[in-house]
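Novice: So I've got this file, run.csv, and it contains CSV, N, CA and C atoms:
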```
chain,number,residue,atom,x,y,z
C,1424,GLN,N,55.5,35.8,-72.2
C,1424,GLN,CA,55.8,36.0,-70.8
C,1424,GLN,C,54.7,36.8,-70.2
C,1425,VAL,N,54.4,36.5,-68.9
C,1425,VAL,CA,53.4,37.2,-68.2
C,1425,VAL,C,54.0,37.8,-67.0
C,1426,GLN,N,53.7,39.1,-66.7
C,1426,GLN,CA,54.1,39.7,-65.5
C,1426,GLN,C,52.8,40.0,-64.7
C,1427,LEU,N,53.0,39.7,-63.4
C,1427,LEU,CA,51.9,39.9,-62.4
C,1427,LEU,C,52.3,40.8,-61.3
C,1428,VAL,N,51.4,41.8,-61.1
C,1428,VAL,CA,51.7,42.8,-60.0
C,1428,VAL,C,50.6,42.9,-59.1
C,1429,GLU,N,50.8,42.5,-57.8
C,1429,GLU,CA,49.8,42.6,-56.8
C,1429,GLU,C,49.7,44.0,-56.1
C,1430,SER,N,48.6,44.4,-55.7
C,1430,SER,CA,48.4,45.6,-54.9
C,1430,SER,C,47.2,45.5,-54.0
C,1431,GLY,N,47.1,46.4,-53.1
C,1431,GLY,CA,45.9,46.4,-52.2
C,1431,GLY,C,46.2,45.9,-50.8
C,1432,GLY,N,47.4,45.4,-50.6
C,1432,GLY,CA,47.7,45.0,-49.2
C,1432,GLY,C,47.8,46.1,-48.3
C,1433,GLY,N,47.9,45.8,-47.0
C,1433,GLY,CA,48.1,46.9,-46.0
C,1433,GLY,C,47.8,46.3,-44.6
C,1434,LEU,N,47.6,47.3,-43.7
C,1434,LEU,CA,47.3,47.0,-42.3
C,1434,LEU,C,45.9,47.2,-42.0
C,1435,VAL,N,45.2,46.2,-41.4
C,1435,VAL,CA,43.8,46.4,-41.1
C,1435,VAL,C,43.5,45.7,-39.8
C,1436,GLN,N,42.5,46.2,-39.1
C,1436,GLN,CA,42.1,45.6,-37.9
C,1436,GLN,C,41.3,44.3,-38.1
C,1437,ALA,N,41.3,43.4,-37.1
C,1437,ALA,CA,40.5,42.2,-37.2
C,1437,ALA,C,39.0,42.5,-37.5
C,1438,GLY,N,38.4,41.8,-38.4
C,1438,GLY,CA,37.0,42.1,-38.7
C,1438,GLY,C,36.9,43.0,-39.9
C,1439,GLY,N,38.0,43.6,-40.3
C,1439,GLY,CA,38.0,44.5,-41.5
C,1439,GLY,C,38.1,43.8,-42.8
C,1440,SER,N,38.2,44.6,-43.9
C,1440,SER,CA,38.2,44.1,-45.2
C,1440,SER,C,39.3,44.7,-46.0
C,1441,LEU,N,39.8,44.0,-47.0
C,1441,LEU,CA,40.7,44.5,-48.0
C,1441,LEU,C,40.4,43.8,-49.3
C,1442,ARG,N,40.7,44.5,-50.4
C,1442,ARG,CA,40.6,43.9,-51.7
C,1442,ARG,C,42.0,44.0,-52.4
C,1443,LEU,N,42.5,42.8,-52.7
C,1443,LEU,CA,43.7,42.7,-53.4
C,1443,LEU,C,43.5,42.6,-54.9
C,1444,SER,N,44.4,43.2,-55.7
C,1444,SER,CA,44.3,43.2,-57.1
C,1444,SER,C,45.6,42.6,-57.7
C,1445,CYS,N,45.4,41.9,-58.8
C,1445,CYS,CA,46.6,41.3,-59.5
C,1445,CYS,C,46.4,41.7,-60.9
C,1446,ALA,N,47.3,42.7,-61.4
C,1446,ALA,CA,47.3,43.1,-62.7
C,1446,ALA,C,48.3,42.4,-63.6
C,1447,ALA,N,47.8,41.8,-64.7
C,1447,ALA,CA,48.7,41.1,-65.6
C,1447,ALA,C,49.1,41.9,-66.8
C,1448,SER,N,50.3,41.7,-67.3
C,1448,SER,CA,50.7,42.4,-68.5
C,1448,SER,C,51.6,41.4,-69.3
C,1449,GLY,N,51.9,41.7,-70.5
C,1449,GLY,CA,52.7,40.9,-71.3
C,1449,GLY,C,51.8,40.1,-72.3
C,1450,ARG,N,50.7,39.5,-71.8
C,1450,ARG,CA,49.8,38.8,-72.7
C,1450,ARG,C,48.5,38.7,-71.9
C,1451,THR,N,47.4,38.4,-72.5
C,1451,THR,CA,46.2,38.2,-71.8
C,1451,THR,C,46.2,36.9,-71.0
C,1452,VAL,N,45.6,37.0,-69.8
C,1452,VAL,CA,45.6,35.8,-69.0
C,1452,VAL,C,44.2,35.2,-68.9
C,1453,SER,N,43.3,35.5,-69.8
C,1453,SER,CA,41.9,35.0,-69.8
C,1453,SER,C,41.9,33.5,-69.9
C,1454,SER,N,42.8,32.9,-70.5
C,1454,SER,CA,42.8,31.4,-70.6
C,1454,SER,C,43.5,30.7,-69.5
C,1455,TYR,N,44.1,31.5,-68.6
C,1455,TYR,CA,44.8,30.9,-67.5
C,1455,TYR,C,43.9,30.8,-66.2
C,1456,ALA,N,44.1,29.8,-65.5
C,1456,ALA,CA,43.6,29.8,-64.1
C,1456,ALA,C,44.4,30.8,-63.3
C,1457,MET,N,43.7,31.5,-62.4
C,1457,MET,CA,44.4,32.5,-61.6
C,1457,MET,C,44.2,32.2,-60.2
C,1458,GLY,N,45.3,32.1,-59.4
C,1458,GLY,CA,45.2,31.7,-58.0
C,1458,GLY,C,45.9,32.7,-57.1
C,1459,TRP,N,45.4,32.6,-55.9
C,1459,TRP,CA,46.1,33.4,-54.8
C,1459,TRP,C,46.6,32.5,-53.8
C,1460,PHE,N,47.8,32.7,-53.4
C,1460,PHE,CA,48.5,31.9,-52.3
C,1460,PHE,C,49.0,32.9,-51.3
C,1461,ARG,N,49.3,32.4,-50.1
C,1461,ARG,CA,49.9,33.3,-49.1
C,1461,ARG,C,51.0,32.5,-48.3
C,1462,GLN,N,51.9,33.3,-47.7
C,1462,GLN,CA,52.9,32.8,-46.9
C,1462,GLN,C,53.1,33.6,-45.7
C,1463,ALA,N,52.9,33.0,-44.6
C,1463,ALA,CA,53.1,33.7,-43.3
C,1463,ALA,C,54.6,33.5,-42.8
C,1464,PRO,N,55.1,34.3,-42.0
C,1464,PRO,CA,56.5,34.1,-41.5
C,1464,PRO,C,56.7,32.8,-40.9
C,1465,GLY,N,57.7,32.1,-41.3
C,1465,GLY,CA,58.0,30.8,-40.7
C,1465,GLY,C,57.2,29.6,-41.2
C,1466,LYS,N,56.3,29.9,-42.2
C,1466,LYS,CA,55.4,28.9,-42.7
C,1466,LYS,C,55.6,28.7,-44.1
C,1467,GLU,N,55.1,27.6,-44.6
C,1467,GLU,CA,55.1,27.3,-46.1
C,1467,GLU,C,54.0,28.1,-46.8
C,1468,ARG,N,54.2,28.3,-48.0
C,1468,ARG,CA,53.2,29.0,-48.9
C,1468,ARG,C,52.0,28.1,-48.9
C,1469,GLU,N,50.8,28.7,-48.8
C,1469,GLU,CA,49.6,27.9,-48.8
C,1469,GLU,C,48.6,28.4,-49.8
C,1470,PHE,N,47.8,27.5,-50.3
C,1470,PHE,CA,46.7,27.9,-51.3
C,1470,PHE,C,45.6,28.7,-50.6
C,1471,VAL,N,45.1,29.7,-51.2
C,1471,VAL,CA,44.0,30.5,-50.7
C,1471,VAL,C,42.8,30.4,-51.6
C,1472,ALA,N,42.9,30.7,-52.9
C,1472,ALA,CA,41.7,30.6,-53.8
C,1472,ALA,C,42.2,30.6,-55.2
C,1473,THR,N,41.4,30.1,-56.1
C,1473,THR,CA,41.7,30.0,-57.5
C,1473,THR,C,40.4,30.2,-58.3
C,1474,ILE,N,40.5,30.7,-59.5
C,1474,ILE,CA,39.4,30.8,-60.4
C,1474,ILE,C,39.9,30.2,-61.8
C,1475,THR,N,39.1,29.4,-62.4
C,1475,THR,CA,39.5,28.8,-63.6
C,1475,THR,C,39.5,29.8,-64.8
C,1476,GLY,N,40.2,29.4,-65.9
C,1476,GLY,CA,40.3,30.2,-67.1
C,1476,GLY,C,39.1,30.1,-68.0
C,1477,SER,N,39.2,30.7,-69.1
C,1477,SER,CA,38.0,30.8,-70.0
C,1477,SER,C,37.9,29.7,-71.0
C,1478,GLY,N,38.5,28.5,-70.7
C,1478,GLY,CA,38.4,27.4,-71.5
C,1478,GLY,C,37.0,26.8,-71.6
C,1479,GLY,N,36.2,27.0,-70.6
C,1479,GLY,CA,34.8,26.5,-70.5
C,1479,GLY,C,33.9,27.7,-70.5
C,1480,SER,N,32.6,27.5,-70.5
C,1480,SER,CA,31.6,28.5,-70.5
C,1480,SER,C,31.4,29.1,-69.1
C,1481,THR,N,31.9,28.4,-68.1
C,1481,THR,CA,31.6,28.8,-66.7
C,1481,THR,C,33.0,28.9,-66.0
C,1482,TYR,N,33.1,29.9,-65.1
C,1482,TYR,CA,34.3,30.0,-64.3
C,1482,TYR,C,34.0,29.3,-63.0
C,1483,TYR,N,34.9,28.5,-62.5
C,1483,TYR,CA,34.8,27.9,-61.2
C,1483,TYR,C,35.8,28.4,-60.2
C,1484,GLU,N,35.3,28.6,-59.0
C,1484,GLU,CA,36.1,29.1,-57.9
C,1484,GLU,C,36.3,28.0,-56.9
C,1485,TYR,N,37.5,28.0,-56.3
C,1485,TYR,CA,37.8,27.1,-55.3
C,1485,TYR,C,38.6,27.8,-54.2
C,1486,TYR,N,38.3,27.4,-52.9
C,1486,TYR,CA,38.8,28.1,-51.8
C,1486,TYR,C,39.4,27.2,-50.8
C,1487,ALA,N,40.4,27.6,-50.1
C,1487,ALA,CA,40.9,26.9,-48.9
C,1487,ALA,C,39.8,27.0,-47.8
C,1488,ASP,N,39.7,25.9,-47.0
C,1488,ASP,CA,38.6,25.9,-46.0
C,1488,ASP,C,38.8,27.1,-45.0
C,1489,SER,N,40.0,27.5,-44.8
C,1489,SER,CA,40.2,28.6,-43.8
C,1489,SER,C,39.7,29.9,-44.3
C,1490,VAL,N,39.4,30.1,-45.6
C,1490,VAL,CA,38.9,31.4,-46.0
C,1490,VAL,C,37.5,31.3,-46.7
C,1491,LYS,N,37.0,30.1,-46.8
C,1491,LYS,CA,35.7,29.9,-47.4
C,1491,LYS,C,34.6,30.7,-46.7
C,1492,GLY,N,33.8,31.4,-47.4
C,1492,GLY,CA,32.8,32.2,-46.8
C,1492,GLY,C,33.2,33.6,-46.4
C,1493,ARG,N,34.5,33.9,-46.4
C,1493,ARG,CA,35.1,35.2,-46.1
C,1493,ARG,C,35.8,35.9,-47.3
C,1494,PHE,N,36.4,35.1,-48.1
C,1494,PHE,CA,37.1,35.6,-49.3
C,1494,PHE,C,36.4,35.3,-50.5
C,1495,THR,N,36.5,36.1,-51.5
C,1495,THR,CA,35.9,35.9,-52.8
C,1495,THR,C,36.9,36.3,-53.9
C,1496,ILE,N,37.1,35.4,-54.8
C,1496,ILE,CA,38.0,35.6,-55.9
C,1496,ILE,C,37.2,35.9,-57.2
C,1497,SER,N,37.7,36.9,-58.0
C,1497,SER,CA,37.0,37.2,-59.2
C,1497,SER,C,38.0,37.7,-60.2
C,1498,ARG,N,37.5,37.8,-61.5
C,1498,ARG,CA,38.4,38.2,-62.5
C,1498,ARG,C,37.7,39.1,-63.5
C,1499,ASP,N,38.4,40.0,-64.1
C,1499,ASP,CA,37.9,40.9,-65.1
C,1499,ASP,C,38.9,40.8,-66.3
C,1500,ASN,N,38.5,40.0,-67.2
C,1500,ASN,CA,39.3,39.7,-68.4
C,1500,ASN,C,39.6,40.9,-69.2
C,1501,ALA,N,38.6,41.8,-69.2
C,1501,ALA,CA,38.8,43.1,-70.0
C,1501,ALA,C,39.9,43.9,-69.5
C,1502,LYS,N,40.1,43.8,-68.2
C,1502,LYS,CA,41.2,44.6,-67.5
C,1502,LYS,C,42.4,43.7,-67.2
C,1503,ASN,N,42.3,42.4,-67.6
C,1503,ASN,CA,43.5,41.5,-67.4
C,1503,ASN,C,43.8,41.5,-65.9
C,1504,THR,N,42.8,41.5,-65.0
C,1504,THR,CA,43.1,41.6,-63.6
C,1504,THR,C,42.2,40.6,-62.8
C,1505,VAL,N,42.8,40.2,-61.7
C,1505,VAL,CA,42.1,39.3,-60.8
C,1505,VAL,C,42.1,39.9,-59.4
C,1506,TYR,N,41.0,39.7,-58.7
C,1506,TYR,CA,40.8,40.3,-57.4
C,1506,TYR,C,40.6,39.2,-56.3
C,1507,LEU,N,40.9,39.7,-55.1
C,1507,LEU,CA,40.6,38.8,-54.0
C,1507,LEU,C,40.0,39.8,-52.9
C,1508,GLN,N,38.7,39.6,-52.8
C,1508,GLN,CA,38.0,40.4,-51.7
C,1508,GLN,C,38.1,39.6,-50.4
C,1509,MET,N,38.6,40.2,-49.4
C,1509,MET,CA,38.8,39.6,-48.1
C,1509,MET,C,38.0,40.3,-47.1
C,1510,ASN,N,37.1,39.6,-46.5
C,1510,ASN,CA,36.2,40.2,-45.5
C,1510,ASN,C,36.4,39.4,-44.2
C,1511,SER,N,36.0,40.0,-43.1
C,1511,SER,CA,36.1,39.4,-41.8
C,1511,SER,C,37.5,38.9,-41.5
C,1512,LEU,N,38.4,39.7,-41.8
C,1512,LEU,CA,39.8,39.3,-41.6
C,1512,LEU,C,40.2,39.0,-40.2
C,1513,LYS,N,41.1,38.0,-40.1
C,1513,LYS,CA,41.5,37.5,-38.8
C,1513,LYS,C,43.1,37.7,-38.7
C,1514,PRO,N,43.6,37.8,-37.5
C,1514,PRO,CA,45.1,37.9,-37.4
C,1514,PRO,C,45.8,36.8,-38.1
C,1515,GLU,N,45.2,35.6,-38.1
C,1515,GLU,CA,45.9,34.5,-38.8
C,1515,GLU,C,45.9,34.6,-40.3
C,1516,ASP,N,45.2,35.6,-40.8
C,1516,ASP,CA,45.3,35.9,-42.3
C,1516,ASP,C,46.5,36.7,-42.6
C,1517,THR,N,47.3,37.1,-41.6
C,1517,THR,CA,48.5,37.9,-41.9
C,1517,THR,C,49.5,37.1,-42.7
C,1518,ALA,N,49.9,37.6,-43.8
C,1518,ALA,CA,50.9,36.9,-44.7
C,1518,ALA,C,51.2,37.8,-45.9
C,1519,VAL,N,52.1,37.4,-46.6
C,1519,VAL,CA,52.4,37.9,-48.0
C,1519,VAL,C,51.5,37.2,-48.9
C,1520,TYR,N,50.7,37.9,-49.7
C,1520,TYR,CA,49.8,37.3,-50.6
C,1520,TYR,C,50.3,37.4,-52.0
C,1521,TYR,N,50.3,36.2,-52.7
C,1521,TYR,CA,50.9,36.1,-54.1
C,1521,TYR,C,49.8,35.7,-55.1
C,1522,CYS,N,49.9,36.3,-56.2
C,1522,CYS,CA,49.0,36.0,-57.3
C,1522,CYS,C,49.8,35.1,-58.3
C,1523,ALA,N,49.1,34.2,-58.9
C,1523,ALA,CA,49.8,33.3,-59.8
C,1523,ALA,C,48.9,32.9,-61.0
C,1524,ALA,N,49.5,32.6,-62.1
C,1524,ALA,CA,48.8,32.2,-63.3
C,1524,ALA,C,49.2,30.7,-63.7
C,1525,GLY,N,48.2,29.9,-63.9
C,1525,GLY,CA,48.5,28.5,-64.2
C,1525,GLY,C,47.5,28.0,-65.3
C,1526,LEU,N,47.8,26.7,-65.7
C,1526,LEU,CA,47.0,26.2,-66.8
C,1526,LEU,C,46.1,25.0,-66.5
C,1527,GLY,N,46.2,24.4,-65.4
C,1527,GLY,CA,45.3,23.3,-65.1
C,1527,GLY,C,45.9,22.3,-64.1
C,1528,GLY,N,45.2,21.2,-64.0
C,1528,GLY,CA,45.6,20.2,-63.0
C,1528,GLY,C,45.0,20.6,-61.6
C,1529,ASP,N,45.6,20.1,-60.6
C,1529,ASP,CA,45.1,20.5,-59.2
C,1529,ASP,C,45.6,21.9,-58.9
C,1530,LEU,N,44.6,22.8,-59.0
C,1530,LEU,CA,45.0,24.2,-58.9
C,1530,LEU,C,45.2,24.6,-57.4
C,1531,ARG,N,45.1,23.7,-56.5
C,1531,ARG,CA,45.4,24.0,-55.1
C,1531,ARG,C,46.9,23.9,-54.9
C,1532,MET,N,47.6,23.3,-55.9
C,1532,MET,CA,49.0,23.0,-55.7
C,1532,MET,C,49.8,24.1,-56.4
C,1533,ASP,N,50.8,24.7,-55.7
C,1533,ASP,CA,51.5,25.8,-56.3
C,1533,ASP,C,52.4,25.4,-57.5
C,1534,ASN,N,52.7,24.1,-57.6
C,1534,ASN,CA,53.5,23.7,-58.7
C,1534,ASN,C,52.7,23.7,-60.1
C,1535,ARG,N,51.4,24.0,-60.0
C,1535,ARG,CA,50.6,24.0,-61.2
C,1535,ARG,C,50.6,25.4,-61.8
C,1536,TYR,N,51.3,26.3,-61.2
C,1536,TYR,CA,51.3,27.7,-61.6
C,1536,TYR,C,52.6,28.1,-62.3
C,1537,ILE,N,52.5,28.8,-63.4
C,1537,ILE,CA,53.7,29.1,-64.2
C,1537,ILE,C,54.3,30.5,-63.8
C,1538,TYR,N,53.4,31.5,-63.7
C,1538,TYR,CA,53.8,32.9,-63.4
C,1538,TYR,C,53.4,33.3,-62.0
C,1539,TRP,N,54.3,34.1,-61.4
C,1539,TRP,CA,54.0,34.5,-60.0
C,1539,TRP,C,54.3,36.0,-59.9
C,1540,GLY,N,53.6,36.7,-59.1
C,1540,GLY,CA,53.9,38.1,-58.7
C,1540,GLY,C,54.8,38.1,-57.6
C,1541,GLN,N,55.2,39.3,-57.2
C,1541,GLN,CA,56.1,39.6,-56.1
C,1541,GLN,C,55.5,39.5,-54.7
C,1542,GLY,N,54.2,39.6,-54.7
C,1542,GLY,CA,53.5,39.6,-53.4
C,1542,GLY,C,53.2,40.9,-52.8
C,1543,THR,N,52.1,40.9,-52.0
C,1543,THR,CA,51.7,42.1,-51.3
C,1543,THR,C,51.4,41.7,-49.8
C,1544,GLN,N,51.9,42.5,-48.9
C,1544,GLN,CA,51.8,42.2,-47.5
C,1544,GLN,C,50.4,42.6,-46.9
C,1545,VAL,N,49.8,41.6,-46.2
C,1545,VAL,CA,48.6,41.9,-45.5
C,1545,VAL,C,48.8,41.6,-44.0
C,1546,THR,N,48.5,42.6,-43.2
C,1546,THR,CA,48.7,42.5,-41.8
C,1546,THR,C,47.4,42.8,-41.1
C,1547,VAL,N,46.9,41.8,-40.3
C,1547,VAL,CA,45.7,42.0,-39.6
C,1547,VAL,C,46.0,42.1,-38.1
C,1548,SER,N,45.7,43.2,-37.5
C,1548,SER,CA,45.9,43.4,-36.1
C,1548,SER,C,44.7,43.0,-35.2
C,1549,SER,N,45.0,42.5,-34.0
C,1549,SER,CA,43.9,42.0,-33.2
C,1549,SER,C,43.4,43.1,-32.3
```
Once more with this new file: its structure as structure tokens, please.
Specialist:
Amino acid sequence: QVQLVESGGGLVQAGGSLRLSCAASGRTVSSYAMGWFRQAPGKEREFVATITGSGGSTYYEYYADSVKGRFTISRDNAKNTVYLQMNSLKPEDTAVYYCAAGLGGDLRMDNRYIYWGQGTQVTVSS
């Protein structure tokens, strides 16, 4: 069993930055793909970014078009932690951000993820 705990959310002005962290416990997540999703009030949960696991020699990152060039996902397997650096934040980035661990397939789909955190609120004021 894997437990995921997100942190780093908060209130920031438009144009600002935040770095979210997702700390895993229970077992190492180095072989898992790790993703970030978000859900705004009244909207469905949507894909933000994902980074592949250590099955290959290279990690691959994928981003939603809405965050490409502004957000960066990274992982530190020694710390069993995944990060989401968010720059140039916009009010439309306001949402609860969730971290998730998955094994493969279309990693933009939330049904590919097995373990989920409880989420951290990000609010961007205009």
Novice: Could you go through chain C and tell me which residues DSSP, when run on the backbone, assigns to helix (DSSP H, G or I), listing them as number ranges by chain?
Specialist: C: 1514-1516, 1533-1535
Novice: Between atom C of Glu1515 in chain C and atom C of Glu1469 in chain C, what is the distance, to one decimal in Å?
Specialist: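 Atom-to-atom, atom C of Glu1515 in chain C to atom C of Glu1469 in chain C, that is 11.7 Å.
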Novice: Using all atoms listed in the file, which protein or nucleic acid residues come within 6.5 Å of range 1428-1439 of chain C? Drop anything in the same chain fewer than 3 positions from it, and give the result as number ranges by chain.
Specialist: C: 1442-1448, 1509-1514, 1522, 1540-1549
Novice: Have a look at CA of Glu1484 in chain C and CA of Trp1459 in chain C and let me know their distance in Å, one decimal.
Specialist: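 A separation of 11.3 Å between them.
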Novice: Using atom C of Gly1492 in chain C and atom C of Leu1441 in chain C as the two end points, give the distance in Å to one decimal.
Specialist: 12.8 Å
Novice: Counting only C-alpha atoms, figure out which residue out of C:Lys1466, C:Arg1450, C:Arg1461, C:Arg1531 gets nearest to Leu1507 in chain C.
Specialist: C:Arg1461
Novice: Which residue, C:Met1532, C:Ser1440, C:Tyr1486, C:Gly1465, has the smallest gap to Gln1508 in chain C when you use only N, CA and C atoms?
Specialist: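 Among the listed residues, C:Ser1440 lies closest to Gln1508 in chain C.
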Novice: Neighbours of Ile1474 in chain C within 7 Å (all atoms listed in the file; same-chain residues fewer than 2 positions away dropped), as a VMD selection string?
Specialist: chain C and resid 1455 to 1459 1472 1476 1482 to 1485 1496 to 1497
Novice: Residues within 6.5 Å of Gly1449 in chain C, please, as number ranges by chain. Count all atoms listed in the file; anything in the same chain fewer than 5 positions from it doesn't count.
Specialist: C: 1424-1426
Novice: With DSSP run on the backbone, what are the strand (DSSP E) residues within range 1427-1533 of chain C? I'd like them as a PyMOL selection string.
Specialist: chain C and resi 1427-1430+1433-1436+1441-1448+1456-1462+1469-1474+1484-1486+1494-1499+1504-1509+1518-1525
